[in-house]
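File shown here: run33.cif, holding mmCIF, C-alpha atoms.
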```cif
data_entry
loop_
_atom_site.label_atom_id
_atom_site.label_comp_id
_atom_site.auth_asym_id
_atom_site.auth_seq_id
_atom_site.Cartn_x
_atom_site.Cartn_y
_atom_site.Cartn_z
CA MET K 1 0.00 0.00 0.00
CA ALA K 2 2.81 2.36 0.96
CA ARG K 3 4.56 1.59 -2.30
CA ILE K 4 1.42 2.48 -4.31
CA TYR K 5 1.14 5.73 -2.37
CA LEU K 6 4.75 6.65 -3.11
CA ILE K 7 4.28 5.90 -6.80
CA ALA K 8 1.15 8.08 -6.90
CA VAL K 9 3.00 10.96 -5.22
CA ALA K 10 5.91 10.60 -7.63
CA VAL K 11 3.58 10.64 -10.65
CA LEU K 12 1.79 13.71 -9.32
CA PHE K 13 5.10 15.48 -8.68
CA CYS K 14 6.38 14.69 -12.17
CA SER K 15 3.12 15.86 -13.72
CA THR K 16 3.25 19.12 -11.79
CA LEU K 17 6.88 19.62 -12.71
CA ALA K 18 6.21 18.94 -16.38
CA PHE K 19 3.28 21.36 -16.32
CA ALA K 20 5.40 24.12 -14.79
CA GLN K 21 8.22 23.46 -17.24
CA ALA K 22 5.75 23.94 -20.07
CA GLY K 23 5.40 27.55 -18.95
CA VAL K 24 1.66 27.38 -18.26
CA TYR K 25 0.47 29.33 -15.21
CA ARG K 26 -2.95 29.47 -13.56
CA THR K 27 -2.39 32.13 -10.89
CA TRP K 28 -0.87 35.61 -11.08
CA GLU K 29 1.21 34.88 -7.99
CA ASP K 30 2.93 31.86 -9.54
CA ALA K 31 3.49 33.71 -12.79
CA MET K 32 5.14 36.67 -11.06
CA GLN K 33 7.64 34.31 -9.46
CA GLU K 34 8.74 32.91 -12.84
CA LYS K 35 8.37 35.90 -15.15
CA GLU K 36 10.85 34.77 -17.80
CA ASN K 37 9.35 31.27 -17.98
CA VAL K 38 5.74 32.35 -18.49
CA TYR K 39 4.59 31.29 -21.96
CA SER K 40 0.91 30.71 -21.23
CA ILE K 41 -1.53 32.14 -18.69
CA HIS K 42 -4.75 30.18 -18.40
CA MET K 43 -7.37 31.41 -15.90
CA THR K 44 -10.98 30.60 -16.72
CA TYR K 45 -14.15 30.51 -14.62
CA ARG K 46 -12.63 32.68 -11.88
CA SER K 47 -15.30 35.43 -11.71
CA MET K 48 -12.40 37.77 -12.50
CA GLU K 49 -13.56 41.36 -13.03
CA GLU K 50 -10.26 42.91 -14.05
CA ILE K 51 -6.86 41.96 -15.39
CA PRO K 52 -3.94 43.25 -13.31
CA ASP K 53 -1.83 45.68 -15.29
CA ILE K 54 1.27 43.49 -15.09
CA LEU K 55 1.26 41.66 -18.41
CA ASP K 56 4.37 43.48 -19.61
CA GLU K 57 6.23 41.64 -16.85
CA PHE K 58 6.11 38.47 -18.98
CA PRO K 59 8.41 39.04 -21.97
CA ASN K 60 7.84 35.55 -23.44
CA LEU K 61 4.06 35.38 -23.08
CA GLU K 62 2.53 33.67 -26.13
CA GLU K 63 -0.95 32.67 -24.93
CA LEU K 64 -3.48 34.39 -22.67
CA ASN K 65 -6.79 32.64 -22.00
CA LEU K 66 -9.12 34.46 -19.60
CA SER K 67 -12.42 33.20 -20.97
CA ASN K 68 -15.59 32.82 -18.89
CA ASN K 69 -14.92 35.64 -16.47
CA ARG K 70 -16.42 39.10 -15.88
CA ILE K 71 -13.68 41.26 -17.34
CA LYS K 72 -14.86 44.71 -18.44
CA SER K 73 -11.68 46.29 -19.81
CA LEU K 74 -8.18 45.47 -21.05
CA PRO K 75 -5.08 46.85 -19.31
CA PRO K 76 -2.48 48.91 -21.25
CA SER K 77 0.26 46.38 -20.43
CA LEU K 78 -1.50 43.78 -22.62
CA PHE K 79 -0.48 45.67 -25.74
CA SER K 80 3.19 45.40 -24.84
CA CYS K 81 3.12 41.61 -25.17
CA LYS K 82 4.91 41.51 -28.51
CA LYS K 83 5.20 37.70 -28.61
CA LEU K 84 1.53 37.06 -27.91
CA LYS K 85 0.07 34.62 -30.46
CA LYS K 86 -3.20 33.60 -28.84
CA LEU K 87 -5.66 35.83 -26.97
CA ILE K 88 -8.91 34.24 -25.78
CA LEU K 89 -11.46 36.46 -23.98
CA PHE K 90 -14.55 34.38 -24.69
CA ARG K 91 -17.59 35.16 -22.49
CA ASN K 92 -16.65 38.27 -20.57
CA LYS K 93 -18.22 41.74 -20.24
CA LEU K 94 -16.09 43.74 -22.63
CA THR K 95 -17.75 46.63 -24.48
CA VAL K 96 -14.73 48.21 -26.19
CA ILE K 97 -11.62 46.93 -27.96
CA PRO K 98 -8.85 49.52 -27.45
CA ASP K 99 -6.83 50.83 -30.39
CA GLY K 100 -3.78 49.22 -28.81
CA ILE K 101 -4.92 45.83 -30.12
CA GLY K 102 -3.19 46.69 -33.39
CA ARG K 103 0.19 46.52 -31.67
CA LEU K 104 -0.15 42.75 -31.13
CA THR K 105 1.19 42.04 -34.61
CA ASN K 106 2.13 38.42 -33.86
CA LEU K 107 -1.41 37.39 -32.90
CA GLU K 108 -2.58 34.30 -34.78
CA GLU K 109 -5.76 33.49 -32.85
CA LEU K 110 -8.13 36.02 -31.29
CA SER K 111 -11.53 35.51 -29.67
CA PHE K 112 -13.87 38.15 -28.27
CA SER K 113 -16.93 35.92 -28.60
CA TYR K 114 -19.92 36.56 -26.33
CA ASN K 115 -19.12 39.98 -24.97
CA ASP K 116 -20.99 43.23 -25.73
CA ILE K 117 -18.76 44.79 -28.38
CA ASN K 118 -20.40 46.92 -31.10
CA SER K 119 -17.42 48.00 -33.20
CA LEU K 120 -13.84 47.16 -34.14
CA PRO K 121 -11.07 49.78 -34.10
CA ASP K 122 -9.33 50.44 -37.43
CA SER K 123 -6.10 49.27 -35.79
CA PHE K 124 -7.60 45.77 -35.80
CA CYS K 125 -6.64 45.57 -39.47
CA TYR K 126 -2.94 45.72 -38.51
CA LEU K 127 -3.12 42.15 -37.18
CA GLN K 128 -1.67 40.71 -40.35
CA SER K 129 -0.53 37.45 -38.71
CA LEU K 130 -4.08 36.66 -37.63
CA LYS K 131 -5.37 33.27 -38.81
CA SER K 132 -8.49 32.84 -36.69
CA PHE K 133 -10.84 35.57 -35.45
CA ALA K 134 -14.06 35.02 -33.50
CA ILE K 135 -16.36 37.83 -32.42
CA ASN K 136 -19.66 35.99 -32.58
CA GLY K 137 -22.34 36.73 -29.99
CA ASN K 138 -21.75 40.48 -29.72
CA SER K 139 -23.50 43.67 -30.93
CA LEU K 140 -21.29 44.28 -33.94
CA ASP K 141 -23.10 46.29 -36.63
CA SER K 142 -20.34 46.45 -39.26
CA LEU K 143 -16.96 45.06 -40.29
CA ASN K 144 -14.07 47.34 -41.19
CA ASP K 145 -13.52 48.05 -44.89
CA CYS K 146 -9.82 47.43 -44.28
CA ILE K 147 -10.47 43.81 -43.29
CA ASP K 148 -8.70 42.63 -46.45
CA MET K 149 -5.44 43.67 -44.76
CA LEU K 150 -5.78 40.45 -42.74
CA THR K 151 -3.97 38.57 -45.47
CA ASN K 152 -3.49 35.36 -43.45
CA LEU K 153 -7.02 35.02 -42.10
CA VAL K 154 -8.42 31.48 -42.50
CA THR K 155 -11.36 31.37 -40.05
CA LEU K 156 -13.84 34.18 -39.39
CA ARG K 157 -16.79 33.86 -36.99
CA VAL K 158 -19.11 36.87 -36.93
CA ASN K 159 -22.39 35.05 -36.38
CA SER K 160 -25.00 36.28 -33.89
CA ASN K 161 -24.31 40.00 -34.25
CA GLU K 162 -26.21 42.91 -35.84
CA LEU K 163 -24.46 43.04 -39.21
CA VAL K 164 -26.48 44.44 -42.10
CA LYS K 165 -23.81 43.85 -44.76
CA LEU K 166 -20.49 42.20 -45.44
CA PRO K 167 -17.88 44.55 -46.91
CA ASP K 168 -16.69 43.79 -50.44
CA ALA K 169 -13.17 43.74 -48.98
CA ILE K 170 -13.92 40.39 -47.34
CA THR K 171 -13.81 38.73 -50.76
CA ARG K 172 -10.17 39.80 -51.14
CA ILE K 173 -8.98 37.70 -48.18
CA LYS K 174 -7.47 34.92 -50.26
CA PRO K 175 -6.84 32.24 -47.58
CA LEU K 176 -10.33 32.52 -46.03
CA ASP K 177 -11.61 28.97 -45.61
CA PHE K 178 -14.42 29.30 -43.04
CA LEU K 179 -16.97 32.13 -42.79
CA ASP K 180 -19.88 32.04 -40.36
CA ALA K 181 -22.09 35.12 -40.72
CA GLY K 182 -25.32 33.47 -39.63
CA ASN K 183 -27.92 35.04 -37.36
CA ASN K 184 -27.42 38.66 -38.41
CA TYR K 185 -29.45 41.16 -40.49
CA LEU K 186 -27.63 40.73 -43.78
CA GLU K 187 -29.67 41.73 -46.82
CA THR K 188 -27.07 41.05 -49.50
CA VAL K 189 -23.89 39.09 -50.15
CA PRO K 190 -21.02 40.70 -52.09
CA GLU K 191 -21.51 40.17 -55.82
CA ASN K 192 -17.91 39.08 -56.23
CA ILE K 193 -18.12 36.33 -53.62
CA GLY K 194 -16.80 34.05 -56.37
CA ASN K 195 -13.36 35.56 -55.76
CA MET K 196 -13.14 33.57 -52.53
CA GLN K 197 -11.36 30.67 -54.18
CA ASN K 198 -10.38 28.90 -50.93
CA LEU K 199 -13.75 29.15 -49.17
CA ARG K 200 -14.95 25.73 -48.00
CA PHE K 201 -17.56 26.51 -45.33
CA LEU K 202 -20.12 29.32 -45.71
CA TYR K 203 -22.92 29.83 -43.20
CA LEU K 204 -25.55 32.52 -43.89
CA ASN K 205 -28.49 31.08 -41.98
CA LYS K 206 -30.98 33.39 -40.20
CA ASN K 207 -30.51 36.57 -42.20
CA LYS K 208 -32.62 38.66 -44.60
CA ILE K 209 -30.86 37.76 -47.84
CA GLN K 210 -33.10 37.55 -50.89
CA SER K 211 -30.66 35.99 -53.34
CA LEU K 212 -27.12 34.71 -53.75
CA PRO K 213 -24.92 35.91 -56.62
CA GLU K 214 -24.35 33.46 -59.47
CA SER K 215 -20.63 34.09 -58.98
CA ILE K 216 -20.74 31.73 -56.00
CA GLY K 217 -20.32 28.96 -58.55
CA LYS K 218 -16.67 30.04 -58.85
CA CYS K 219 -16.07 28.96 -55.24
CA GLN K 220 -14.97 25.55 -56.45
CA LYS K 221 -13.69 24.42 -53.03
CA LEU K 222 -17.00 25.07 -51.28
CA GLN K 223 -18.06 21.98 -49.32
CA GLU K 224 -20.85 23.20 -47.04
CA LEU K 225 -23.43 25.96 -47.44
CA ASP K 226 -26.13 26.90 -44.94
CA VAL K 227 -28.92 29.31 -45.99
CA VAL K 228 -31.66 28.06 -43.66
CA ARG K 229 -34.17 30.77 -42.80
CA CYS K 230 -32.12 33.49 -44.45
CA GLY K 231 -34.87 34.66 -46.83
CA ILE K 232 -33.56 33.13 -50.06
CA ILE K 233 -36.35 32.01 -52.39
CA ARG K 234 -34.32 30.47 -55.22
CA MET K 235 -30.78 29.08 -55.13
CA PRO K 236 -28.35 30.04 -57.92
CA SER K 237 -28.00 27.36 -60.58
CA SER K 238 -24.22 27.80 -60.61
CA LEU K 239 -24.02 25.81 -57.37
CA ASN K 240 -24.47 22.58 -59.30
CA THR K 241 -21.08 23.10 -60.97
CA ILE K 242 -19.17 22.83 -57.69
CA ARG K 243 -17.72 19.35 -57.53
CA ALA K 244 -16.53 19.73 -53.92
CA LEU K 245 -20.00 20.69 -52.65
CA GLU K 246 -21.35 18.05 -50.27
CA ASN K 247 -23.96 19.55 -47.95
CA VAL K 248 -26.43 22.36 -48.65
CA TYR K 249 -28.91 23.33 -45.93
CA ILE K 250 -32.12 25.10 -46.93
CA ASP K 251 -35.63 25.43 -45.49
CA GLU K 252 -38.97 24.42 -46.95
CA ARG K 253 -39.54 27.84 -48.58
CA THR K 254 -36.40 27.71 -50.73
CA ILE K 255 -36.35 26.44 -54.31
CA PRO K 256 -33.11 24.41 -54.63
CA PHE K 257 -30.78 24.50 -57.60
CA TYR K 258 -31.15 21.85 -60.29
CA GLU K 259 -29.27 18.67 -59.51
CA ASN K 260 -26.13 17.98 -61.51
CA ARG K 261 -26.37 14.30 -62.37
CA GLN K 262 -22.60 14.07 -62.52
CA TYR K 263 -22.37 14.97 -58.81
CA ARG K 264 -25.69 13.53 -57.60
CA PHE K 265 -24.05 11.09 -55.20
CA ARG K 266 -21.93 13.83 -53.64
CA GLN K 267 -24.21 16.86 -53.40
CA VAL K 268 -26.89 16.50 -50.72
CA ILE K 269 -29.57 19.14 -50.15
CA HIS K 270 -30.98 19.01 -46.62
CA VAL K 271 -34.41 20.59 -46.12
CA ILE K 272 -34.58 21.77 -42.51
CA GLN K 273 -37.92 21.99 -40.72
CA PRO K 274 -38.84 24.97 -38.47
CA GLY K 275 -38.32 23.07 -35.23
CA ASP K 276 -34.84 21.84 -36.12
CA LEU K 277 -32.33 24.08 -34.33
CA LEU K 278 -29.09 22.09 -34.35
CA TYR K 279 -29.09 20.34 -37.71
CA ARG K 280 -25.50 20.28 -38.98
CA PRO K 281 -22.48 18.66 -37.28
CA SER K 282 -20.37 21.81 -37.61
CA GLN K 283 -22.98 24.05 -36.02
CA ASN K 284 -22.19 26.08 -32.91
CA PRO K 285 -24.88 26.03 -30.24
#
```

Structure re-expressed in structure tokens:
Amino acid sequence: MARIYLIAVAVLFCSTLAFAQAGVYRTWEDAMQEKENVYSIHMTYRSMEEIPDILDEFPNLEELNLSNNRIKSLPPSLFSCKKLKKLILFRNKLTVIPDGIGRLTNLEELSFSYNDINSLPDSFCYLQSLKSFAINGNSLDSLNDCIDMLTNLVTLRVNSNELVKLPDAITRIKPLDFLDAGNNYLETVPENIGNMQNLRFLYLNKNKIQSLPESIGKCQKLQELDVVRCGIIRMPSSLNTIRALENVYIDERTIPFYENRQYRFRQVIHVIQPGDLLYRPSQNP
């Protein structure tokens, strides 16, 4: 029995040591004792209302995850973290993104999902290393016209906001692979959406769109399209030319595009009924 206890203690000690060596810290006190070794700060579900203005004390900080707290503002020291690659502030109480965000030029992943933000500063467009950006579940009413400066952006989540349009500039983001703009107030989609040659997942459900441009047929990598309850009456016929297209989600009011017999075993049109809320595997609750 004693031997088992000693083994358990040894395993726990080694696990703790390995965790610390990885540079991941879960309290400010521990982090302040090992400033040079802090690569990741991970503090979630702490009911934290503010971030101490000490982040510039960690010169090697690459990841900051403070999701599911009650944070209302961001401290100035955050914008001195030049090596920061990942900033996750999911489910807090932020209302403003400071201009200083544009100084975090090494950011690759950024999430402000489920706060109460209604605009993005122009400096946001300076984040040219950004690959993934999520700001779903806010009060955003527009996207910056300079968004095409985000030349490495692959994933964009802007669903569940108050957007009335997508800027034409979004079609100039060449690497964009995933765009979720569902549950907004969109009335149109950029006519040149066909320029988005790498787009694979496009979600436009729950909007006020009346039609999709025929140019969407040029999105030859498109695999999944969701237009459920978005107002579209007739789908563009050009969709049947997309060989990669696998799943199209519509509702009972929408007239689908004509089936391409060549791709009939690949392309599946799912007709979603009014009571079906979570109907696709990739859907976010």

Go ahead and find all residues with at least one atom no further than 9 Å from (-26.9, 47.2, -38.8) in the file's coordinates, using all atoms listed in the file; report them as a PDB file with C-alpha atoms, keeping the file's coordinate frame.
```pdb
ATOM      1  CA  LEU K 140     -21.290  44.280 -33.940  1.00  0.00           C
ATOM      2  CA  ASP K 141     -23.100  46.290 -36.630  1.00  0.00           C
ATOM      3  CA  SER K 142     -20.340  46.450 -39.260  1.00  0.00           C
ATOM      4  CA  ASN K 161     -24.310  40.000 -34.250  1.00  0.00           C
ATOM      5  CA  GLU K 162     -26.210  42.910 -35.840  1.00  0.00           C
ATOM      6  CA  LEU K 163     -24.460  43.040 -39.210  1.00  0.00           C
ATOM      7  CA  VAL K 164     -26.480  44.440 -42.100  1.00  0.00           C
ATOM      8  CA  LYS K 165     -23.810  43.850 -44.760  1.00  0.00           C
ATOM      9  CA  ASN K 184     -27.420  38.660 -38.410  1.00  0.00           C
ATOM     10  CA  TYR K 185     -29.450  41.160 -40.490  1.00  0.00           C
ATOM     11  CA  LEU K 186     -27.630  40.730 -43.780  1.00  0.00           C
TER      12      LEU K 186
END
```

Between K:Ile173, K:Leu66, K:Leu179, K:Val228, which residue has the minimum interatomic distance to K:Ala134, considering all atoms listed in the file?
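Ranking K:Ile173, K:Leu66, K:Leu179, K:Val228 by distance to K:Ala134, first place goes to K:Leu179.
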
Take atom CA of K:Glu214 and atom CA of K:Lys131 and report the distance between them in Å, one decimal.
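Going from atom CA of K:Glu214 over to atom CA of K:Lys131, I get 28.1 Å.
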
As a check of understanding, name the residues that the PyMOL selection byres ((chain K and resi 247-257) around 8) selects in the supplied structure, as a PDB file with C-alpha atoms, in the frame of the given file.
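Saved file result.pdb follows:
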```pdb
ATOM      1  CA  GLN K 223     -18.060  21.980 -49.320  1.00  0.00           C
ATOM      2  CA  GLU K 224     -20.850  23.200 -47.040  1.00  0.00           C
ATOM      3  CA  LEU K 225     -23.430  25.960 -47.440  1.00  0.00           C
ATOM      4  CA  ASP K 226     -26.130  26.900 -44.940  1.00  0.00           C
ATOM      5  CA  VAL K 227     -28.920  29.310 -45.990  1.00  0.00           C
ATOM      6  CA  VAL K 228     -31.660  28.060 -43.660  1.00  0.00           C
ATOM      7  CA  ARG K 229     -34.170  30.770 -42.800  1.00  0.00           C
ATOM      8  CA  ILE K 232     -33.560  33.130 -50.060  1.00  0.00           C
ATOM      9  CA  ILE K 233     -36.350  32.010 -52.390  1.00  0.00           C
ATOM     10  CA  ARG K 234     -34.320  30.470 -55.220  1.00  0.00           C
ATOM     11  CA  MET K 235     -30.780  29.080 -55.130  1.00  0.00           C
ATOM     12  CA  PRO K 236     -28.350  30.040 -57.920  1.00  0.00           C
ATOM     13  CA  SER K 237     -28.000  27.360 -60.580  1.00  0.00           C
ATOM     14  CA  SER K 238     -24.220  27.800 -60.610  1.00  0.00           C
ATOM     15  CA  LEU K 239     -24.020  25.810 -57.370  1.00  0.00           C
ATOM     16  CA  ASN K 240     -24.470  22.580 -59.300  1.00  0.00           C
ATOM     17  CA  LEU K 245     -20.000  20.690 -52.650  1.00  0.00           C
ATOM     18  CA  GLU K 246     -21.350  18.050 -50.270  1.00  0.00           C
ATOM     19  CA  TYR K 258     -31.150  21.850 -60.290  1.00  0.00           C
ATOM     20  CA  GLU K 259     -29.270  18.670 -59.510  1.00  0.00           C
ATOM     21  CA  GLN K 267     -24.210  16.860 -53.400  1.00  0.00           C
ATOM     22  CA  VAL K 268     -26.890  16.500 -50.720  1.00  0.00           C
ATOM     23  CA  ILE K 269     -29.570  19.140 -50.150  1.00  0.00           C
ATOM     24  CA  HIS K 270     -30.980  19.010 -46.620  1.00  0.00           C
ATOM     25  CA  VAL K 271     -34.410  20.590 -46.120  1.00  0.00           C
ATOM     26  CA  ILE K 272     -34.580  21.770 -42.510  1.00  0.00           C
ATOM     27  CA  GLN K 273     -37.920  21.990 -40.720  1.00  0.00           C
ATOM     28  CA  PRO K 274     -38.840  24.970 -38.470  1.00  0.00           C
TER      29      PRO K 274
END
```

Nearest-residue call for K:His42, choices K:Asn68, K:Ser111, K:Asn152, K:Gln197, using all atoms listed in the file:
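Among the listed residues, the smallest separation from K:His42 belongs to K:Asn68.
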
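Distances here use only C-alpha atoms; by that measure, the residue among K:Leu222, K:Leu64, K:Leu87, K:Ala31 closest to K:Arg200 is K:Leu222.
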
When you look at K:Lys218 with a cut-off of 8 Å (counting all atoms listed in the file), what residues show up, excluding the ones that are within fewer than 6 positions of it in the same chain? I need them as a ChimeraX atom specification.
/K:194-195,197,242

Pick out the closest residue to K:Cys125 from this set: K:Thr105, K:Asn138, K:Ser113, K:Gln283. Count all atoms listed in the file.
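Counting all atoms listed in the file, the residue closest to K:Cys125 is K:Thr105.
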
Near K:Phe178, counting all atoms listed in the file, which residues have an atom at most 10 Å away, once you skip same-chain residues fewer than 5 positions from it, shown as a PyMOL selection string?
chain K and resi 132+153-157+198-203+222+224

My list of candidates is K:Leu277, K:Leu130, K:Ala244, K:Ile135. Which is closest to K:Tyr263 when distances are computed with all atoms listed in the file?
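Smallest separation from K:Tyr263 among the options: K:Ala244.
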
With distances taken over only C-alpha atoms, which residue among K:Leu84, K:Leu89, K:Met32, K:Leu127 lies nearest K:Asn69?
K:Leu89

Might you pull out every residue within 10 Å of K:Gln128, with all atoms listed in the file counted and same-chain residues fewer than 6 positions away left off, and present them as a count of residues only?
13
